[in-house]
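Below is data.cif, which holds mmCIF, C-alpha atoms.
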data_work
#
loop_
_atom_site.label_atom_id
_atom_site.label_comp_id
_atom_site.auth_asym_id
_atom_site.auth_seq_id
_atom_site.Cartn_x
_atom_site.Cartn_y
_atom_site.Cartn_z
CA MET A 26 54.68 -209.12 162.65
CA THR A 27 57.18 -211.30 164.47
CA ALA A 28 57.11 -215.00 163.62
CA LEU A 29 58.59 -217.58 165.92
CA VAL A 30 58.73 -221.20 164.84
CA LEU A 31 60.53 -223.05 167.58
CA THR A 32 61.01 -226.79 167.86
CA GLY A 33 62.54 -229.04 170.46
CA CYS A 34 63.05 -232.65 171.36
CA SER A 35 60.05 -234.86 172.01
CA GLY A 36 61.26 -235.54 175.52
CA ALA A 37 60.51 -232.01 176.78
CA THR A 38 58.38 -232.03 179.90
CA GLY A 39 55.10 -230.33 180.59
CA GLY A 40 53.58 -230.76 177.10
CA GLY A 41 50.28 -231.98 178.50
CA ASN A 42 47.25 -232.59 176.33
CA ALA A 43 47.97 -229.62 174.08
CA ASP A 44 50.62 -231.59 172.15
CA SER A 45 49.72 -234.33 169.74
CA ALA A 46 51.42 -236.39 167.05
CA ARG A 47 50.99 -233.52 164.57
CA ASP A 48 52.68 -230.14 164.46
CA ARG A 49 50.46 -227.27 165.57
CA SER A 50 50.53 -223.52 164.96
CA LEU A 51 49.31 -220.69 167.13
CA THR A 52 48.74 -217.03 166.22
CA VAL A 53 48.92 -214.55 169.09
CA PHE A 54 47.75 -210.94 168.74
CA ALA A 55 49.44 -208.98 171.54
CA ALA A 56 49.84 -205.36 172.58
CA ALA A 57 53.14 -203.80 171.52
CA SER A 58 54.20 -203.35 175.15
CA LEU A 59 54.19 -207.14 175.54
CA GLN A 60 56.69 -207.84 172.78
CA GLN A 61 59.76 -208.42 174.94
CA ALA A 62 57.81 -210.42 177.52
CA PHE A 63 56.10 -212.72 175.04
CA ASP A 64 59.25 -213.17 172.96
CA ASP A 65 61.06 -214.18 176.16
CA MET A 66 58.24 -216.53 177.18
CA SER A 67 58.20 -218.27 173.81
CA GLU A 68 61.41 -220.14 174.58
CA GLY A 69 60.06 -221.70 177.75
CA PHE A 70 56.67 -222.39 176.23
CA THR A 71 58.02 -224.18 173.18
CA ALA A 72 60.38 -226.21 175.37
CA GLU A 73 57.27 -227.58 177.09
CA HIS A 74 55.27 -227.80 173.84
CA PRO A 75 57.83 -228.58 171.13
CA ARG A 76 55.25 -229.34 168.45
CA ILE A 77 53.55 -225.93 168.72
CA SER A 78 54.91 -223.06 166.62
CA ILE A 79 53.92 -219.50 167.49
CA GLU A 80 53.44 -216.46 165.31
CA PHE A 81 53.17 -213.16 167.20
CA ASN A 82 51.50 -210.06 165.82
CA TYR A 83 52.41 -207.03 167.95
CA ALA A 84 50.63 -203.70 167.54
CA GLY A 85 48.57 -201.17 169.44
CA SER A 86 45.60 -202.85 171.11
CA SER A 87 43.09 -200.84 169.06
CA THR A 88 44.84 -201.93 165.85
CA LEU A 89 44.67 -205.57 166.92
CA LEU A 90 40.95 -205.18 167.59
CA GLN A 91 40.44 -203.65 164.15
CA ASN A 92 42.32 -206.54 162.57
CA LEU A 93 40.12 -209.08 164.34
CA GLU A 94 37.01 -207.17 163.30
CA SER A 95 38.26 -207.34 159.71
CA GLY A 96 38.54 -211.11 159.91
CA ALA A 97 42.27 -211.55 160.51
CA PRO A 98 42.89 -215.06 161.89
CA ALA A 99 44.21 -215.33 165.45
CA ASP A 100 43.96 -217.77 168.32
CA ILE A 101 44.73 -215.42 171.23
CA LEU A 102 44.24 -211.73 171.97
CA ALA A 103 46.23 -209.98 174.72
CA THR A 104 45.53 -206.28 175.18
CA ALA A 105 47.08 -203.54 177.28
CA ASP A 106 43.78 -202.59 178.90
CA GLU A 107 40.44 -204.07 179.84
CA ALA A 108 38.41 -201.60 177.76
CA THR A 109 39.72 -202.91 174.46
CA MET A 110 39.16 -206.51 175.52
CA GLU A 111 35.63 -205.59 176.57
CA MET A 112 34.98 -204.21 173.08
CA ALA A 113 36.29 -207.45 171.61
CA GLN A 114 33.99 -209.40 173.91
CA GLN A 115 30.95 -207.27 173.05
CA ALA A 116 31.68 -207.84 169.35
CA GLY A 117 31.78 -211.61 169.89
CA LEU A 118 35.45 -211.82 168.96
CA ILE A 119 36.70 -213.62 172.07
CA ASP A 120 35.64 -216.60 174.15
CA ARG A 121 34.52 -214.96 177.40
CA PRO A 122 35.19 -217.94 179.74
CA THR A 123 38.87 -217.91 178.74
CA ARG A 124 39.39 -214.22 179.56
CA GLU A 125 41.90 -213.67 182.37
CA LEU A 126 43.99 -210.83 183.80
CA PHE A 127 47.71 -211.58 183.88
CA ALA A 128 49.71 -208.35 184.38
CA ALA A 129 49.54 -204.63 185.05
CA ASN A 130 51.56 -201.61 183.97
CA THR A 131 51.89 -197.96 184.98
CA LEU A 132 52.75 -194.82 183.06
CA VAL A 133 55.95 -192.77 183.37
CA GLY A 134 57.45 -189.80 181.61
CA ILE A 135 60.62 -190.23 179.55
CA VAL A 136 63.19 -187.84 178.12
CA PRO A 137 66.39 -188.38 176.12
CA ASP A 138 69.22 -189.34 178.42
CA ASP A 139 70.84 -185.90 178.14
CA ASN A 140 67.44 -184.23 178.73
CA PRO A 141 68.16 -181.10 176.65
CA ALA A 142 64.83 -179.48 177.56
CA ASN A 143 65.50 -179.94 181.29
CA ILE A 144 62.19 -181.72 181.94
CA ALA A 145 61.36 -183.13 185.36
CA THR A 146 57.56 -183.04 185.57
CA LEU A 147 54.49 -183.43 183.40
CA GLU A 148 54.06 -179.66 183.60
CA ASP A 149 57.54 -179.23 182.12
CA ALA A 150 56.83 -181.77 179.38
CA ASN A 151 53.56 -180.06 178.48
CA ALA A 152 54.98 -176.53 178.34
CA ASN A 153 54.91 -174.37 175.22
CA GLY A 154 57.82 -175.08 172.92
CA VAL A 155 58.38 -178.61 174.26
CA ASN A 156 57.91 -181.51 171.84
CA LEU A 157 55.77 -183.95 173.84
CA VAL A 158 54.74 -187.24 172.23
CA VAL A 159 51.99 -189.52 173.56
CA CYS A 160 49.89 -192.43 172.36
CA ALA A 161 46.65 -191.68 170.55
CA SER A 162 43.59 -191.60 172.79
CA GLN A 163 42.11 -194.80 171.32
CA VAL A 164 45.26 -196.72 172.30
CA PRO A 165 45.43 -197.97 175.92
CA CYS A 166 48.59 -196.02 176.74
CA GLY A 167 46.97 -192.90 175.30
CA ALA A 168 43.76 -193.34 177.24
CA LEU A 169 45.84 -193.85 180.38
CA ALA A 170 47.91 -190.75 179.66
CA GLN A 171 44.72 -188.72 179.36
CA SER A 172 43.36 -190.18 182.59
CA VAL A 173 46.56 -189.40 184.50
CA ALA A 174 46.61 -185.87 183.08
CA ASP A 175 42.94 -185.30 183.91
CA ALA A 176 43.58 -186.29 187.52
CA THR A 177 46.00 -183.38 187.86
CA GLY A 178 43.94 -180.91 185.85
CA THR A 179 46.40 -180.98 182.95
CA THR A 180 45.37 -180.55 179.31
CA LEU A 181 47.92 -182.43 177.23
CA ASN A 182 49.45 -180.55 174.31
CA PRO A 183 51.37 -183.18 172.31
CA VAL A 184 53.01 -182.53 168.96
CA SER A 185 52.35 -186.12 167.93
CA GLU A 186 50.01 -188.99 168.88
CA GLU A 187 51.25 -192.48 168.07
CA GLN A 188 49.35 -195.73 167.48
CA GLN A 189 51.55 -197.81 169.79
CA VAL A 190 53.72 -197.13 172.79
CA SER A 191 56.89 -198.38 171.13
CA ASP A 192 56.61 -195.54 168.61
CA VAL A 193 56.51 -192.97 171.43
CA LEU A 194 59.61 -194.55 172.91
CA GLY A 195 61.31 -194.54 169.52
CA LYS A 196 60.77 -190.82 168.97
CA VAL A 197 62.25 -189.95 172.36
CA ARG A 198 65.18 -192.36 171.91
CA SER A 199 66.02 -190.82 168.55
CA GLY A 200 65.77 -187.25 169.82
CA GLN A 201 62.75 -186.40 167.65
CA ALA A 202 60.82 -185.58 170.84
CA ASP A 203 61.78 -183.84 174.06
CA ALA A 204 59.52 -186.02 176.18
CA GLY A 205 57.02 -188.86 175.98
CA LEU A 206 54.56 -190.77 178.12
CA VAL A 207 55.08 -194.55 178.04
CA TYR A 208 54.65 -197.64 180.17
CA ALA A 209 57.25 -198.17 182.86
CA THR A 210 58.28 -201.46 181.24
CA ASP A 211 59.02 -199.79 177.90
CA ALA A 212 61.12 -197.14 179.62
CA ALA A 213 63.09 -199.86 181.41
CA LEU A 214 63.96 -201.54 178.11
CA ALA A 215 65.71 -198.35 176.98
CA SER A 216 67.21 -197.29 180.30
CA ASP A 217 70.58 -196.62 178.67
CA GLU A 218 69.03 -194.14 176.22
CA VAL A 219 66.22 -192.43 178.15
CA SER A 220 65.66 -191.12 181.65
CA THR A 221 62.33 -191.21 183.44
CA PHE A 222 60.33 -188.82 185.56
CA GLU A 223 57.36 -189.67 187.76
CA LEU A 224 53.81 -188.69 186.89
CA GLU A 225 51.67 -187.62 189.80
CA GLY A 226 49.01 -190.22 190.57
CA ALA A 227 50.18 -192.67 187.90
CA GLN A 228 50.82 -195.44 190.44
CA ASP A 229 47.15 -195.25 191.41
CA GLN A 230 46.02 -195.81 187.82
CA PRO A 231 47.53 -199.02 186.48
CA ASN A 232 46.36 -200.65 183.28
CA ASN A 233 45.41 -204.31 183.70
CA TYR A 234 46.35 -206.65 180.86
CA PRO A 235 43.78 -209.32 179.89
CA ILE A 236 44.27 -212.33 177.64
CA ALA A 237 41.68 -214.56 175.99
CA GLN A 238 41.16 -217.09 173.25
CA THR A 239 39.51 -215.70 170.17
CA ALA A 240 36.07 -216.98 169.28
CA ASN A 241 37.39 -218.49 166.06
CA SER A 242 40.60 -220.07 167.35
CA SER A 243 41.65 -222.93 165.11
CA ASP A 244 43.43 -224.78 167.95
CA ARG A 245 41.76 -224.25 171.28
CA GLU A 246 43.98 -226.71 173.15
CA ALA A 247 47.15 -224.96 172.01
CA ALA A 248 45.65 -221.56 172.83
CA ALA A 249 44.69 -222.76 176.31
CA ALA A 250 48.22 -224.05 176.83
CA PHE A 251 49.74 -220.67 175.99
CA ILE A 252 47.37 -218.78 178.27
CA GLU A 253 48.17 -221.24 181.05
CA TYR A 254 51.89 -220.67 180.50
CA VAL A 255 51.49 -216.87 180.68
CA GLN A 256 49.81 -217.30 184.06
CA SER A 257 52.28 -219.92 185.31
CA ASP A 258 55.15 -219.18 187.69
CA ALA A 259 57.56 -219.22 184.74
CA GLY A 260 55.49 -216.78 182.70
CA GLN A 261 54.89 -214.48 185.64
CA ALA A 262 58.62 -214.47 186.45
CA VAL A 263 59.34 -213.15 182.94
CA LEU A 264 56.78 -210.39 183.40
CA GLN A 265 58.09 -209.43 186.83
CA ASP A 266 61.69 -209.32 185.57
CA LEU A 267 60.59 -206.79 182.96
CA GLY A 268 58.81 -204.61 185.51
CA PHE A 269 55.19 -205.67 185.08
CA ALA A 270 53.09 -205.83 188.24
CA ALA A 271 50.40 -208.27 189.26
CA PRO A 272 46.98 -207.25 187.93
CA GLN A 273 44.60 -205.44 190.21
CA ASP A 274 41.45 -207.49 190.74
CA PRO A 275 38.49 -205.22 189.91
CA ASP A 276 36.59 -206.79 192.82
CA ASP A 277 39.30 -205.54 195.19
CA SER A 278 39.33 -201.96 193.93
#

Show this structure as structure tokens.
Amino acid sequence: MTALVLTGCSGATGGGNADSARDRSLTVFAAASLQQAFDDMSEGFTAEHPRISIEFNYAGSSTLLQNLESGAPADILATADEATMEMAQQAGLIDRPTRELFAANTLVGIVPDDNPANIATLEDANANGVNLVVCASQVPCGALAQSVADATGTTLNPVSEEQQVSDVLGKVRSGQADAGLVYATDAALASDEVSTFELEGAQDQPNNYPIAQTANSSDREAAAAFIEYVQSDAGQAVLQDLGFAAPQDPDDS
């Protein structure tokens, strides 16, 4: 869990109605692939809302859902796919009217920078004797990996299935794995340590990222302010700089 408690001067602009005379706190449950983006956004958000402190809990989306189901307190849930958010909605864990799409991501293959196994395709990465690491199927990046593989008639043969995409990246970075399947944004964060290869059809299968207030948020005004910031020009600029795309509207697909 990453805790950020940021304060600023009372003259910061853009505070709006979410700030009051008292200090406020906000707990955000967010997919692991959002860590860099949300950490970067926190500076701008707290400059506009200096009396709101933020605590981020980053993990695989399925783990975040399990935590909410177990009663863990949170004000906001941001997942790496719509399916997990839909499960949260069906379980009554989020406030449906606040649910919005704010970003999209695609899958790529990664190898250590020196690429000792000489991998250039998913077929190479999935060959006998190659240590391929992917996300577990219940995790959004794992479900997406399976979908991309299915589209090419490939049966994945990983040596390990991880609970969050950052763990896949970590195993490839450290040389524990010959190849991995991760989001393009995660690969970009480690561009000096890993090389990427394209996955056939992956660009046609992006994961949309939704965000929503939880049903039991203890500060709905502060939660609304953070969601608004994520969707603002400033928040979207952070996402775009890290390689996220605009979400694909389901009505347009």

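The neighbours of stretch 245-253 of chain A here are the residues that come within 7 Å of it, using only C-alpha atoms and leaving out any residue fewer than 5 positions away in the same chain; they are Ala43, Leu51, Asp100, Ile101 and Gln238 of chain A.
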
Would you save the residues from that selection as a PDB file, in the coordinates of the input, using C-alpha atoms?
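Output (selection_2.pdb):
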ATOM      1  CA  ALA A  43      47.970-229.620 174.080  1.00  0.00           C
ATOM      2  CA  LEU A  51      49.310-220.690 167.130  1.00  0.00           C
ATOM      3  CA  ASP A 100      43.960-217.770 168.320  1.00  0.00           C
ATOM      4  CA  ILE A 101      44.730-215.420 171.230  1.00  0.00           C
ATOM      5  CA  GLN A 238      41.160-217.090 173.250  1.00  0.00           C
TER       6      GLN A 238
END

Long-range neighbours of A:Lys196 as an mmCIF file with C-alpha atoms, in the coordinates of the input, 12 Å cut-off, all atoms listed in the file, 3 positions minimum in chain:
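Saved the output as out_8.cif:
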data_model
loop_
_atom_site.group_PDB
_atom_site.id
_atom_site.type_symbol
_atom_site.label_atom_id
_atom_site.label_comp_id
_atom_site.auth_asym_id
_atom_site.auth_seq_id
_atom_site.Cartn_x
_atom_site.Cartn_y
_atom_site.Cartn_z
ATOM 1 C CA ILE A 135 60.620 -190.230 179.550
ATOM 2 C CA VAL A 136 63.190 -187.840 178.120
ATOM 3 C CA PRO A 137 66.390 -188.380 176.120
ATOM 4 C CA ASN A 156 57.910 -181.510 171.840
ATOM 5 C CA LEU A 157 55.770 -183.950 173.840
ATOM 6 C CA VAL A 158 54.740 -187.240 172.230
ATOM 7 C CA VAL A 159 51.990 -189.520 173.560
ATOM 8 C CA CYS A 160 49.890 -192.430 172.360
ATOM 9 C CA VAL A 184 53.010 -182.530 168.960
ATOM 10 C CA SER A 185 52.350 -186.120 167.930
ATOM 11 C CA GLU A 186 50.010 -188.990 168.880
ATOM 12 C CA GLU A 187 51.250 -192.480 168.070
ATOM 13 C CA GLN A 189 51.550 -197.810 169.790
ATOM 14 C CA VAL A 190 53.720 -197.130 172.790
ATOM 15 C CA SER A 191 56.890 -198.380 171.130
ATOM 16 C CA ASP A 192 56.610 -195.540 168.610
ATOM 17 C CA VAL A 193 56.510 -192.970 171.430
ATOM 18 C CA SER A 199 66.020 -190.820 168.550
ATOM 19 C CA GLY A 200 65.770 -187.250 169.820
ATOM 20 C CA GLN A 201 62.750 -186.400 167.650
ATOM 21 C CA ALA A 202 60.820 -185.580 170.840
ATOM 22 C CA ASP A 203 61.780 -183.840 174.060
ATOM 23 C CA ALA A 204 59.520 -186.020 176.180
ATOM 24 C CA GLY A 205 57.020 -188.860 175.980
ATOM 25 C CA LEU A 206 54.560 -190.770 178.120
ATOM 26 C CA VAL A 207 55.080 -194.550 178.040
ATOM 27 C CA GLU A 218 69.030 -194.140 176.220
ATOM 28 C CA VAL A 219 66.220 -192.430 178.150
#

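Using all atoms listed in the file, the smallest distance between any of A:Gln115, A:Ala176, A:His74, A:Asn140 and A:Glu94 comes from A:Gln115.
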
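Between A:Tyr83 and the candidates A:Asn143, A:Gln265, A:Thr179, A:Gln188, the tightest atom-to-atom separation, counting all atoms listed in the file, involves A:Gln188.
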
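With atom CA of A:Thr71 on one side and atom CA of A:Phe127 on the other, the separation reads 19.5 Å.
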
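Candidate residues A:Thr221, A:Thr88, A:Gln61, A:Asn153 were compared for distance to A:Asp138, and the nearest is A:Thr221, using all atoms listed in the file.
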
Residue nearest A:Ala212 among A:Ile236, A:Leu132, A:Val155, A:Ala271 (counting all atoms listed in the file):
A:Leu132

Residues in the PyMOL selection byres ((chain A and resi 174) around 12), expressed as an MDAnalysis selection string:
chainID A and resid 132:134 146:148 150:151 159 167:173 175:182 206 224:227 230

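Residues surrounding stretch 62-65 of chain A within 8 Å are Val263, Leu264 and Leu267 of chain A [only C-alpha atoms; sequence separation below 6 positions excluded].
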
Picked residues, the PyMOL selection byres ((chain A and resi 98) around 9), as number ranges by chain:
A: 52, 92-93, 96-97, 99-100, 239, 241-243

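Taking atom CA of A:Ala113 and atom CA of A:Val53 as the two end points, the separation is 14.7 Å.
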
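Distances from A:Asp120, A:Asp139, A:Asp217, A:Asp106 to A:Ala240 were compared using all atoms listed in the file, and the smallest one belongs to A:Asp120.
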
Would you pick out the contacts of A:Asp48 at 8 Å or less, using only C-alpha atoms, so that residues sharing its chain but fewer than 4 positions from it are not included, and give the list as a compact mmCIF listing (two decimals) with C-alpha atoms, in the coordinates of the input?
# COMPACT_ATOMS: atom_id res chain seq x y z
CA ARG A 76 55.25 -229.34 168.45
CA ILE A 77 53.55 -225.93 168.72
CA SER A 78 54.91 -223.06 166.62
